[in-house]
$ cat start_16.cif   # mmCIF, C-alpha atoms and all ligand atoms
data_input
#
loop_
_atom_site.label_atom_id
_atom_site.label_comp_id
_atom_site.auth_asym_id
_atom_site.auth_seq_id
_atom_site.Cartn_x
_atom_site.Cartn_y
_atom_site.Cartn_z
CA VAL A 175 -43.11 -57.66 -27.51
CA THR A 176 -39.87 -56.46 -26.04
CA ASN A 177 -36.66 -58.32 -25.31
CA SER A 178 -37.05 -57.91 -21.61
CA GLU A 179 -40.41 -59.53 -21.62
CA SER A 180 -38.98 -62.51 -23.42
CA SER A 181 -35.92 -62.75 -21.11
CA PRO A 182 -35.83 -65.66 -18.72
CA GLN A 183 -36.33 -64.73 -15.06
CA PRO A 184 -32.89 -63.94 -13.52
CA ASP A 185 -31.58 -65.85 -10.53
CA LEU A 186 -31.67 -63.74 -7.35
CA ALA A 187 -28.71 -65.51 -5.72
CA ALA A 188 -26.54 -64.94 -8.80
CA LEU A 189 -27.52 -61.26 -8.89
CA LEU A 190 -26.62 -60.80 -5.21
CA GLU A 191 -23.32 -62.55 -5.75
CA GLY A 192 -22.63 -60.36 -8.79
CA LEU A 193 -23.39 -57.32 -6.65
CA VAL A 194 -20.51 -58.21 -4.32
CA ALA A 195 -18.14 -58.20 -7.30
CA VAL A 196 -19.61 -54.89 -8.54
CA GLU A 197 -18.98 -53.28 -5.17
CA GLU A 198 -15.40 -54.57 -4.95
CA ALA A 199 -14.56 -53.40 -8.46
CA GLY A 200 -16.19 -50.03 -7.75
CA ARG A 201 -14.13 -49.50 -4.58
CA ALA A 202 -10.92 -50.39 -6.40
CA ARG A 203 -11.67 -47.94 -9.23
CA LEU A 204 -12.54 -45.07 -6.85
CA ALA A 205 -9.38 -45.68 -4.82
CA GLY A 206 -7.31 -45.66 -8.01
CA ALA A 207 -8.39 -42.15 -9.10
CA GLN A 208 -5.37 -39.82 -8.74
CA THR A 209 -6.98 -36.39 -9.22
CA VAL A 210 -10.29 -34.75 -8.37
CA ASP A 211 -11.12 -34.58 -12.10
CA ALA A 212 -10.33 -38.28 -12.64
CA LEU A 213 -12.44 -39.17 -9.61
CA ARG A 214 -15.42 -37.30 -11.05
CA LEU A 215 -15.30 -39.49 -14.20
CA VAL A 216 -14.79 -42.71 -12.23
CA THR A 217 -17.70 -41.86 -9.90
CA GLN A 218 -19.91 -41.38 -12.95
CA GLU A 219 -18.84 -44.77 -14.30
CA VAL A 220 -19.30 -46.60 -10.97
CA LEU A 221 -22.56 -44.99 -9.80
CA GLY A 222 -24.10 -43.41 -12.93
CA LYS A 223 -26.91 -44.49 -15.28
CA ARG A 224 -24.62 -46.69 -17.37
CA SER A 225 -22.88 -48.33 -14.41
CA GLU A 226 -22.97 -52.05 -13.61
CA LEU A 227 -24.81 -51.12 -10.46
CA ALA A 228 -27.59 -49.50 -12.52
CA ALA A 229 -27.62 -52.55 -14.79
CA THR A 230 -28.11 -54.84 -11.79
CA ASN A 231 -30.89 -52.62 -10.54
CA SER A 232 -32.63 -52.84 -13.90
CA GLN A 233 -33.01 -56.59 -13.36
CA LEU A 234 -35.43 -55.85 -10.51
CA ARG A 235 -38.52 -55.79 -12.64
CA LEU A 236 -37.70 -59.21 -14.07
CA LEU A 237 -37.69 -60.77 -10.62
CA ALA A 238 -40.60 -62.35 -8.84
CA VAL A 239 -42.50 -59.69 -6.93
CA GLU A 240 -41.47 -61.05 -3.50
CA ASP A 241 -37.75 -61.07 -4.50
CA ARG A 242 -37.68 -57.49 -5.73
CA PRO A 243 -37.26 -55.76 -2.30
CA VAL A 244 -34.35 -58.09 -1.46
CA LEU A 245 -32.34 -57.07 -4.51
CA GLY A 246 -33.56 -53.45 -4.30
CA GLN A 247 -32.31 -53.12 -0.74
CA ALA A 248 -28.98 -54.79 -1.57
CA VAL A 249 -28.39 -52.45 -4.52
CA GLN A 250 -29.26 -49.42 -2.36
CA GLN A 251 -26.80 -50.48 0.36
CA VAL A 252 -23.98 -50.98 -2.16
CA ARG A 253 -24.78 -47.58 -3.70
CA GLU A 254 -24.61 -45.86 -0.30
CA ARG A 255 -21.30 -47.50 0.60
CA LEU A 256 -19.77 -46.57 -2.74
CA GLU A 257 -21.00 -42.98 -2.38
CA VAL A 258 -19.29 -42.74 1.03
CA GLU A 259 -16.15 -44.18 -0.57
CA ALA A 260 -16.27 -41.57 -3.36
CA ASP A 261 -16.83 -38.68 -0.91
CA THR A 262 -13.91 -39.76 1.27
CA ARG A 263 -11.62 -40.13 -1.72
CA ARG A 264 -12.63 -36.69 -3.07
CA ALA A 265 -11.94 -35.00 0.28
CA GLY A 266 -8.49 -36.60 0.39
CA LEU A 267 -7.63 -35.57 -3.17
CA GLU A 268 -8.89 -32.01 -2.64
CA ALA A 269 -6.73 -31.64 0.50
CA ALA A 270 -3.68 -32.95 -1.34
CA GLU A 271 -4.25 -30.59 -4.27
CA ARG A 272 -4.73 -27.63 -1.91
CA ALA A 273 -1.49 -28.45 -0.10
CA ALA A 274 0.38 -28.71 -3.40
CA ARG A 275 -1.03 -25.33 -4.47
CA ASP A 276 0.04 -23.71 -1.17
CA ARG A 277 3.54 -25.09 -1.58
CA ALA A 278 3.71 -23.71 -5.10
CA GLU A 279 2.51 -20.27 -3.95
CA ALA A 280 5.03 -20.19 -1.11
CA MET A 281 7.78 -20.62 -3.69
CA ASP A 282 10.68 -18.15 -3.73
CA LEU A 283 9.28 -14.93 -5.20
CA THR A 284 12.52 -13.95 -6.88
CA GLU A 285 12.43 -17.26 -8.70
CA ALA A 286 8.82 -16.58 -9.74
CA ALA A 287 9.81 -13.12 -10.98
CA ALA A 288 12.68 -14.59 -12.98
CA LEU A 289 10.31 -17.17 -14.47
CA ALA A 290 7.78 -14.48 -15.36
CA ALA A 291 10.53 -12.41 -16.99
CA ALA A 292 11.74 -15.45 -18.90
CA GLU A 293 8.20 -16.14 -20.13
CA ALA A 294 7.75 -12.53 -21.22
CA THR A 295 10.94 -12.66 -23.28
CA PRO A 296 11.44 -16.28 -24.40
CA LEU A 297 14.78 -15.42 -26.01
CA ALA A 298 16.23 -14.47 -22.62
CA ALA A 299 15.01 -17.67 -21.00
CA THR A 300 18.17 -19.59 -21.78
CA LEU A 301 20.55 -16.73 -20.96
CA PRO A 302 21.70 -15.76 -17.45
CA LEU A 303 20.19 -12.44 -16.30
CA PRO A 304 22.70 -9.58 -16.68
CA PRO A 305 23.73 -7.79 -13.45
CA LEU A 306 21.67 -4.69 -12.72
CA PRO A 307 23.49 -1.40 -13.37
CA GLY A 308 24.61 0.49 -10.25
CA HIS A 309 25.25 -0.75 -6.73
CA ARG A 310 23.72 -0.20 -3.32
CA HIS A 311 25.69 2.31 -1.28
CA LEU A 312 27.69 0.97 1.68
CA VAL A 313 25.59 3.09 4.07
CA THR A 314 22.38 1.70 2.55
CA ILE A 315 23.66 -1.86 2.96
CA VAL A 316 24.49 -1.31 6.63
CA ARG A 317 21.20 0.57 7.26
CA GLU A 318 19.15 -2.28 5.77
CA GLU A 319 21.04 -4.82 7.84
CA LEU A 320 20.30 -2.81 11.00
CA GLU A 321 16.62 -2.50 10.06
CA ASP A 322 16.41 -6.27 9.51
CA ILE A 323 17.85 -6.96 12.95
CA PHE A 324 15.39 -4.67 14.73
CA VAL A 325 12.41 -5.77 12.64
CA GLY A 326 13.39 -9.30 13.68
CA MET A 327 13.14 -8.11 17.30
CA GLY A 328 9.59 -6.82 16.70
CA TYR A 329 10.32 -3.14 16.00
CA GLN A 330 8.65 -1.07 13.28
CA VAL A 331 10.71 1.23 11.02
CA ALA A 332 9.65 4.90 11.25
CA GLU A 333 10.58 7.89 9.10
CA GLY A 334 10.32 11.66 9.42
CA PRO A 335 11.17 14.87 7.51
CA GLU A 336 14.78 16.07 7.21
CA ALA A 337 13.64 19.72 7.38
CA GLU A 338 12.28 19.84 10.91
CA THR A 339 10.67 22.37 13.23
CA ASP A 340 12.73 23.76 16.07
CA TRP A 341 10.08 22.36 18.41
CA HIS A 342 10.47 18.75 17.20
CA ASN A 343 14.26 18.92 16.90
CA PHE A 344 15.00 20.72 20.20
CA GLU A 345 12.18 21.93 22.40
CA ALA A 346 10.14 18.73 22.69
CA LEU A 347 13.42 17.00 23.51
CA ASN A 348 13.93 19.06 26.63
CA MET A 349 16.09 21.70 24.92
CA PRO A 350 14.27 25.06 25.13
CA PRO A 351 15.77 28.11 23.33
CA ASN A 352 19.11 29.16 24.84
CA HIS A 353 19.55 25.76 26.52
CA PRO A 354 23.32 25.13 26.67
CA ALA A 355 22.88 21.62 25.25
CA ARG A 356 21.89 23.17 21.92
CA GLY A 357 25.55 24.07 21.51
CA MET A 358 26.28 20.36 20.92
CA PHE A 359 23.92 20.46 17.97
CA ASP A 360 24.71 23.66 16.08
CA THR A 361 22.95 23.30 12.78
CA PHE A 362 21.68 24.78 9.51
CA TYR A 363 18.58 26.97 9.76
CA LEU A 364 16.32 27.23 6.75
CA ASN A 365 14.90 30.49 5.44
CA LEU A 366 11.32 29.40 6.15
CA GLY A 367 8.63 30.78 8.48
CA GLN A 368 9.79 32.65 11.59
CA PRO A 369 13.58 33.09 11.62
CA GLY A 370 15.17 30.08 13.37
CA SER A 371 11.97 28.00 13.36
CA VAL A 372 12.92 25.40 10.72
CA VAL A 373 16.19 23.45 10.81
CA LEU A 374 17.86 20.60 8.98
CA ARG A 375 17.44 17.99 11.71
CA THR A 376 20.55 17.42 13.82
CA HIS A 377 19.53 13.94 14.91
CA THR A 378 16.79 11.38 14.25
CA SER A 379 15.23 12.04 17.67
CA PRO A 380 12.45 14.26 16.25
CA VAL A 381 11.11 11.11 14.54
CA GLN A 382 10.56 9.71 18.04
CA ILE A 383 8.61 12.84 18.98
CA ARG A 384 6.44 12.55 15.86
CA LEU A 385 5.91 8.85 16.54
CA MET A 386 4.81 9.50 20.13
CA GLU A 387 2.54 12.35 18.97
CA THR A 388 0.70 10.12 16.50
CA SER A 389 0.68 6.67 18.10
CA ALA A 390 -0.27 5.43 21.55
CA PRO A 391 2.08 3.19 23.52
CA PRO A 392 3.26 0.50 23.47
CA ILE A 393 5.80 1.72 20.90
CA TYR A 394 8.73 -0.31 19.57
CA ALA A 395 10.37 1.52 16.67
CA VAL A 396 13.65 2.38 14.99
CA ALA A 397 14.14 5.53 12.94
CA PRO A 398 17.05 5.46 10.48
CA GLY A 399 17.80 8.54 8.42
CA ARG A 400 20.03 11.39 7.27
CA VAL A 401 20.96 14.16 9.70
CA TYR A 402 22.98 17.41 9.47
CA ARG A 403 25.50 19.18 11.70
CA ARG A 404 27.59 22.24 11.09
CA ASP A 405 30.79 20.18 11.21
CA THR A 406 33.76 20.65 8.94
CA PRO A 407 34.18 17.37 7.06
CA ASP A 408 37.35 15.42 7.87
CA ALA A 409 38.39 11.77 7.97
CA ARG A 410 36.00 11.01 10.86
CA HIS A 411 33.29 13.70 10.49
CA LEU A 412 30.77 14.69 7.85
CA ALA A 413 28.30 17.58 7.78
CA GLU A 414 25.63 15.15 6.62
CA PHE A 415 25.54 11.62 7.92
CA HIS A 416 23.12 8.90 9.01
CA GLN A 417 21.83 7.81 12.36
CA ILE A 418 19.58 5.07 13.54
CA GLU A 419 17.62 5.63 16.68
CA GLY A 420 15.48 3.23 18.67
CA LEU A 421 12.54 4.02 20.91
CA VAL A 422 10.58 1.79 23.26
CA VAL A 423 7.63 3.05 25.33
CA ASP A 424 5.71 0.49 27.35
CA ARG A 425 4.68 -0.28 30.93
CA ARG A 426 7.44 -1.07 33.46
CA ILE A 427 10.37 -0.53 31.07
CA SER A 428 13.66 -0.46 32.97
CA MET A 429 17.34 0.25 32.38
CA GLY A 430 17.76 -3.55 32.40
CA ASP A 431 15.53 -3.79 29.31
CA LEU A 432 17.71 -1.17 27.61
CA ALA A 433 20.97 -2.97 28.44
CA GLY A 434 19.49 -6.32 27.31
CA THR A 435 18.28 -4.83 24.02
CA ILE A 436 21.68 -3.33 23.22
CA GLU A 437 23.40 -6.60 24.09
CA ALA A 438 20.98 -8.54 21.83
CA PHE A 439 21.59 -6.10 18.98
CA THR A 440 25.38 -6.28 19.45
CA SER A 441 25.57 -10.05 19.13
CA ALA A 442 23.10 -10.03 16.20
CA PHE A 443 25.09 -7.42 14.27
CA PHE A 444 28.70 -8.15 15.22
CA GLY A 445 28.37 -11.87 15.87
CA PRO A 446 28.35 -14.19 18.88
CA GLY A 447 30.92 -13.49 21.55
CA ARG A 448 30.66 -9.71 20.96
CA HIS A 449 29.30 -7.78 23.93
CA SER A 450 28.21 -4.31 25.00
CA ARG A 451 28.62 -2.17 28.10
CA LEU A 452 27.06 1.09 29.31
CA ARG A 453 28.95 4.08 30.78
CA PRO A 454 27.22 7.02 32.52
CA SER A 455 26.80 10.10 30.33
CA PHE A 456 24.50 13.07 29.76
CA PHE A 457 21.83 13.82 27.16
CA PRO A 458 19.07 16.41 27.69
CA PHE A 459 16.30 14.01 26.61
CA THR A 460 17.22 10.93 28.66
CA GLU A 461 17.61 10.42 32.40
CA PRO A 462 19.67 8.52 33.33
CA SER A 463 21.82 8.61 30.19
CA ALA A 464 24.65 6.38 29.08
CA GLU A 465 27.09 5.85 26.26
CA PHE A 466 27.45 2.33 25.07
CA ASP A 467 30.57 0.52 23.92
CA VAL A 468 30.83 -2.73 22.00
CA THR A 469 33.61 -5.30 21.82
CA CYS A 470 36.33 -3.97 19.50
CA TRP A 471 35.62 -5.32 16.00
CA VAL A 472 39.31 -5.27 15.06
CA CYS A 473 40.82 -7.26 17.93
CA ALA A 474 37.67 -8.95 19.32
CA GLY A 475 38.47 -7.49 22.75
CA GLU A 476 42.15 -8.45 22.91
CA GLY A 477 43.30 -4.83 22.76
CA CYS A 478 44.70 -2.98 19.71
CA ARG A 479 45.35 0.52 18.36
CA THR A 480 41.73 1.00 17.18
CA CYS A 481 40.37 0.51 20.72
CA SER A 482 43.34 2.19 22.48
CA HIS A 483 44.10 -1.26 23.95
CA SER A 484 40.87 -1.25 25.97
CA GLY A 485 39.08 -3.94 23.96
CA TRP A 486 36.01 -1.65 23.65
CA VAL A 487 34.87 0.85 21.00
CA GLU A 488 32.31 3.56 21.70
CA LEU A 489 29.26 3.17 19.46
CA GLY A 490 26.43 5.41 20.62
CA GLY A 491 24.25 6.98 23.30
CA CYS A 492 21.19 5.77 25.13
CA GLY A 493 19.09 6.20 28.23
CA MET A 494 15.67 6.18 29.82
CA VAL A 495 13.30 8.66 28.13
CA ASP A 496 13.05 11.77 30.34
CA PRO A 497 9.53 12.11 31.86
CA ASN A 498 9.46 15.72 30.57
CA VAL A 499 9.78 14.38 27.01
CA LEU A 500 6.86 11.98 27.53
CA GLN A 501 4.80 14.80 29.01
CA ALA A 502 5.58 17.10 26.05
CA VAL A 503 3.89 14.61 23.70
CA GLY A 504 0.95 13.83 25.99
CA ILE A 505 2.07 10.44 27.31
CA ASP A 506 1.52 9.97 31.05
CA PRO A 507 4.95 9.28 32.62
CA GLU A 508 3.21 7.76 35.66
CA GLN A 509 1.86 4.97 33.46
CA TRP A 510 4.48 4.61 30.78
CA SER A 511 8.24 4.56 30.67
CA GLY A 512 10.71 3.98 27.89
CA PHE A 513 14.22 3.96 26.60
CA ALA A 514 15.96 5.33 23.53
CA PHE A 515 19.27 4.67 21.88
CA GLY A 516 21.05 5.91 18.80
CA PHE A 517 24.25 5.68 16.86
CA GLY A 518 25.88 6.67 13.58
CA ILE A 519 25.43 4.37 10.60
CA ASP A 520 28.33 5.89 8.62
CA ARG A 521 30.70 5.43 11.57
CA LEU A 522 29.64 1.80 11.79
CA ALA A 523 30.13 1.32 8.04
CA GLN A 524 33.56 2.97 8.33
CA ALA A 525 34.57 0.72 11.21
CA ARG A 526 33.38 -2.43 9.58
CA THR A 527 35.16 -1.84 6.27
CA ASP A 528 38.32 -0.36 7.76
CA LEU A 529 37.69 2.83 5.75
CA SER A 530 40.34 5.43 6.53
CA ASP A 531 38.45 8.51 5.29
CA MET A 532 34.69 8.90 5.75
CA ARG A 533 34.50 11.46 2.94
CA ALA A 534 34.72 8.55 0.48
CA LEU A 535 31.10 7.82 1.47
CA LEU A 536 30.01 11.06 -0.24
CA ASP A 537 32.24 10.87 -3.33
CA ASN A 538 29.86 8.52 -5.16
CA ASP A 539 32.76 6.85 -6.95
CA ILE A 540 31.25 3.64 -8.34
CA ARG A 541 34.67 1.90 -8.10
CA PHE A 542 34.66 2.51 -4.35
CA ILE A 543 30.97 1.65 -3.84
CA SER A 544 31.13 -1.56 -5.90
CA GLN A 545 33.62 -3.11 -3.48
CA PHE A 546 30.98 -3.83 -0.88
ZN ZN B 1 40.79 -3.46 19.52
#

$ encode --input "start_16.cif" --output "structure tokens" --more "lines below"
Ligand SMILES: [Zn+2]
Amino acid sequence: VTNSESSPQPDLAALLEGLVAVEEAGRARLAGAQTVDALRLVTQEVLGKRSELAATNSQLRLLAVEDRPVLGQAVQQVRERLEVEADTRRAGLEAAERAARDRAEAMDLTEAAALAAAEATPLAATLPLPPLPGHRHLVTIVREELEDIFVGMGYQVAEGPEAETDWHNFEALNMPPNHPARGMFDTFYLNLGQPGSVVLRTHTSPVQIRLMETSAPPIYAVAPGRVYRRDTPDARHLAEFHQIEGLVVDRRISMGDLAGTIEAFTSAFFGPGRHSRLRPSFFPFTEPSAEFDVTCWVCAGEGCRTCSHSGWVELGGCGMVDPNVLQAVGIDPEQWSGFAFGFGIDRLAQARTDLSDMRALLDNDIRFISQF
């Protein structure tokens, strides 16, 4: 004889009424769960073997045979509705937790690095981090700023060797041996290979040649780097200095694209209200060629001694890439056209900091470098 057999027959109406309360309580508990883990426990309690719902279901066998399907169906319907409720709540909590995780991962990486460092050395956690020894060089600071501007305009940053072949430095750029234009670029030859075949590059243009040799257009790239000329160092010249050069090769590129690009760079680097202008010039590797001026950084165009009262300062050279140059690297000039521009980074750094003698850039005096 078991207890259940001796129990009085339950009242169907009371059981159905109780079921309404069970469902309401279950919904409230599921809705109150604040994490996926908490919801898992609550779901177990609301729908599991020890739940009130299961207890109600266990009354089935005490009912009259004809009443059993009525309660059975009612319990099943409540179970299904609560399961839908639990699934919906879980999806919502999972989405919220994922979003919170994404936000945490998008956190400032420098902050994360500082936290990691603090965790690795708990003693240092309460102390401010000491400044790193050394200082970025003025030329490096300006170069990185220029790179950022062009990367922001969709350009890639390209690099090439400083010891360059005569072909990359001169010939591919429309300057065959004995071409008079080579006189502008008298340089240091290295004692390597055939005499006169390897030079310290005189400009960053050979990087453009290497880029066009190895990648198919469209090309949007800047090449910053160190270059060498056989100049006697003085206040405005160095035998080693830095250039940045830009190259675009794409379909239907025009002189208008070039002028627009230089204007966009000028206002990004020097600030709004600063402009650029092109003047006709000559370079062997561009046709037509131009020099470009920017609004004087000292007087903002008003006229002063720095700009010889013109309001403009010459910054660099540019032009449409000569079809012969495209042909030399196997790019069809009928299909593709491009422009190139370049200027000195050291000269820009000098101008911007009002530096009277460029040779200070090579002295490596930390007292000078730390000022910037
Ligand atoms: Zn001026």

$ residues_around --input "start_16.cif" --residues "segment 186-188 of chain A" --least-positions-apart "2" --cutoff "12 Å" --atoms "all atoms listed in the file" --output "list in words"
Gln183, Pro184, Leu190, Glu191, Gly192, Leu193, Val194, Ala195, Thr230, Asn231, Gln233, Leu234, Arg235, Leu236, Leu237, Ala238, Val239, Glu240, Asp241, Arg242, Pro243, Val244, Leu245, Gly246 and Ala248 of chain A

$ residues_near_ligand --input "start_16.cif" --ligand "ligand ZN 1 (chain B)" --cutoff "6 Å" --atoms "all atoms listed in the file" --output "MDAnalysis selection string"
chainID A and resid 470 472:473 475 477:478 480:481 483 485

$ closest_residue --input "start_16.cif" --among "A:Leu529, A:Arg479, A:Phe459, A:Asp322" --to "Pro350 of chain A" --atoms "all atoms listed in the file"
A:Phe459

$ residues_around --input "start_16.cif" --residues "Glu461 of chain A" --least-positions-apart "5" --cutoff "10 Å" --atoms "all atoms listed in the file" --output "PyMOL selection string"
chain A and resi 455-456+492-498+513

$ residues_around --input "start_16.cif" --residues "Leu221 of chain A" --least-positions-apart "3" --cutoff "12 Å" --atoms "all atoms listed in the file" --output "PyMOL selection string"
chain A and resi 196-197+199-201+203-204+213-218+224-231+249-250+252-260

$ write_last_selection --input "start_16.cif" --atoms "C-alpha atoms" --output "short mmCIF file (atom, residue, chain, number, x, y, z; two decimals), keeping the file's coordinate frame"
data_model
loop_
_atom_site.label_atom_id
_atom_site.label_comp_id
_atom_site.auth_asym_id
_atom_site.auth_seq_id
_atom_site.Cartn_x
_atom_site.Cartn_y
_atom_site.Cartn_z
CA VAL A 196 -19.61 -54.89 -8.54
CA GLU A 197 -18.98 -53.28 -5.17
CA ALA A 199 -14.56 -53.40 -8.46
CA GLY A 200 -16.19 -50.03 -7.75
CA ARG A 201 -14.13 -49.50 -4.58
CA ARG A 203 -11.67 -47.94 -9.23
CA LEU A 204 -12.54 -45.07 -6.85
CA LEU A 213 -12.44 -39.17 -9.61
CA ARG A 214 -15.42 -37.30 -11.05
CA LEU A 215 -15.30 -39.49 -14.20
CA VAL A 216 -14.79 -42.71 -12.23
CA THR A 217 -17.70 -41.86 -9.90
CA GLN A 218 -19.91 -41.38 -12.95
CA ARG A 224 -24.62 -46.69 -17.37
CA SER A 225 -22.88 -48.33 -14.41
CA GLU A 226 -22.97 -52.05 -13.61
CA LEU A 227 -24.81 -51.12 -10.46
CA ALA A 228 -27.59 -49.50 -12.52
CA ALA A 229 -27.62 -52.55 -14.79
CA THR A 230 -28.11 -54.84 -11.79
CA ASN A 231 -30.89 -52.62 -10.54
CA VAL A 249 -28.39 -52.45 -4.52
CA GLN A 250 -29.26 -49.42 -2.36
CA VAL A 252 -23.98 -50.98 -2.16
CA ARG A 253 -24.78 -47.58 -3.70
CA GLU A 254 -24.61 -45.86 -0.30
CA ARG A 255 -21.30 -47.50 0.60
CA LEU A 256 -19.77 -46.57 -2.74
CA GLU A 257 -21.00 -42.98 -2.38
CA VAL A 258 -19.29 -42.74 1.03
CA GLU A 259 -16.15 -44.18 -0.57
CA ALA A 260 -16.27 -41.57 -3.36
#

$ decode --input "start_16.cif" --residues "segment 373-394 of chain A" --atoms "N, CA and C atoms" --output "mmCIF file, in the first residue's frame"
data_model
loop_
_atom_site.group_PDB
_atom_site.id
_atom_site.type_symbol
_atom_site.label_atom_id
_atom_site.label_comp_id
_atom_site.auth_asym_id
_atom_site.auth_seq_id
_atom_site.Cartn_x
_atom_site.Cartn_y
_atom_site.Cartn_z
ATOM 1 N N VAL A 373 74.422 51.919 -56.853
ATOM 2 C CA VAL A 373 74.552 53.270 -56.287
ATOM 3 C C VAL A 373 73.795 53.353 -54.972
ATOM 4 N N LEU A 374 74.172 54.328 -54.139
ATOM 5 C CA LEU A 374 73.288 54.688 -53.028
ATOM 6 C C LEU A 374 72.172 55.513 -53.665
ATOM 7 N N ARG A 375 70.926 55.098 -53.502
ATOM 8 C CA ARG A 375 69.844 55.716 -54.270
ATOM 9 C C ARG A 375 69.800 57.233 -54.054
ATOM 10 N N THR A 376 69.529 57.948 -55.135
ATOM 11 C CA THR A 376 69.526 59.408 -55.089
ATOM 12 C C THR A 376 68.138 59.961 -54.815
ATOM 13 N N HIS A 377 67.150 59.087 -54.920
ATOM 14 C CA HIS A 377 65.760 59.475 -54.667
ATOM 15 C C HIS A 377 64.983 58.208 -54.329
ATOM 16 N N THR A 378 63.730 58.358 -53.899
ATOM 17 C CA THR A 378 62.927 57.176 -53.564
ATOM 18 C C THR A 378 62.184 56.648 -54.781
ATOM 19 N N SER A 379 62.406 57.266 -55.962
ATOM 20 C CA SER A 379 61.711 56.810 -57.168
ATOM 21 C C SER A 379 61.957 55.339 -57.542
ATOM 22 N N PRO A 380 63.166 54.786 -57.286
ATOM 23 C CA PRO A 380 63.314 53.357 -57.612
ATOM 24 C C PRO A 380 62.325 52.458 -56.867
ATOM 25 N N VAL A 381 61.821 52.908 -55.718
ATOM 26 C CA VAL A 381 60.807 52.104 -55.014
ATOM 27 C C VAL A 381 59.540 52.001 -55.876
ATOM 28 N N GLN A 382 59.234 53.092 -56.592
ATOM 29 C CA GLN A 382 58.080 53.057 -57.496
ATOM 30 C C GLN A 382 58.289 52.022 -58.591
ATOM 31 N N ILE A 383 59.535 51.991 -59.135
ATOM 32 C CA ILE A 383 59.837 51.026 -60.190
ATOM 33 C C ILE A 383 59.655 49.606 -59.666
ATOM 34 N N ARG A 384 60.216 49.336 -58.466
ATOM 35 C CA ARG A 384 60.090 47.998 -57.884
ATOM 36 C C ARG A 384 58.632 47.646 -57.623
ATOM 37 N N LEU A 385 57.869 48.628 -57.178
ATOM 38 C CA LEU A 385 56.450 48.405 -56.899
ATOM 39 C C LEU A 385 55.702 48.044 -58.179
ATOM 40 N N MET A 386 55.996 48.777 -59.267
ATOM 41 C CA MET A 386 55.304 48.517 -60.531
ATOM 42 C C MET A 386 55.754 47.200 -61.149
ATOM 43 N N GLU A 387 57.027 46.801 -60.852
ATOM 44 C CA GLU A 387 57.514 45.518 -61.365
ATOM 45 C C GLU A 387 56.794 44.351 -60.710
ATOM 46 N N THR A 388 56.439 44.518 -59.422
ATOM 47 C CA THR A 388 55.931 43.370 -58.659
ATOM 48 C C THR A 388 54.420 43.392 -58.449
ATOM 49 N N SER A 389 53.757 44.554 -58.667
ATOM 50 C CA SER A 389 52.316 44.530 -58.450
ATOM 51 C C SER A 389 51.587 45.131 -59.644
ATOM 52 N N ALA A 390 50.430 44.589 -59.940
ATOM 53 C CA ALA A 390 49.632 45.068 -61.058
ATOM 54 C C ALA A 390 48.806 46.270 -60.614
ATOM 55 N N PRO A 391 48.550 47.218 -61.528
ATOM 56 C CA PRO A 391 47.672 48.317 -61.174
ATOM 57 C C PRO A 391 46.264 47.794 -60.849
ATOM 58 N N PRO A 392 45.453 48.524 -60.126
ATOM 59 C CA PRO A 392 45.712 49.872 -59.621
ATOM 60 C C PRO A 392 46.697 49.896 -58.443
ATOM 61 N N ILE A 393 47.550 50.942 -58.446
ATOM 62 C CA ILE A 393 48.546 51.106 -57.390
ATOM 63 C C ILE A 393 48.325 52.469 -56.720
ATOM 64 N N TYR A 394 48.251 52.457 -55.412
ATOM 65 C CA TYR A 394 48.205 53.703 -54.637
ATOM 66 C C TYR A 394 49.202 53.518 -53.501
#
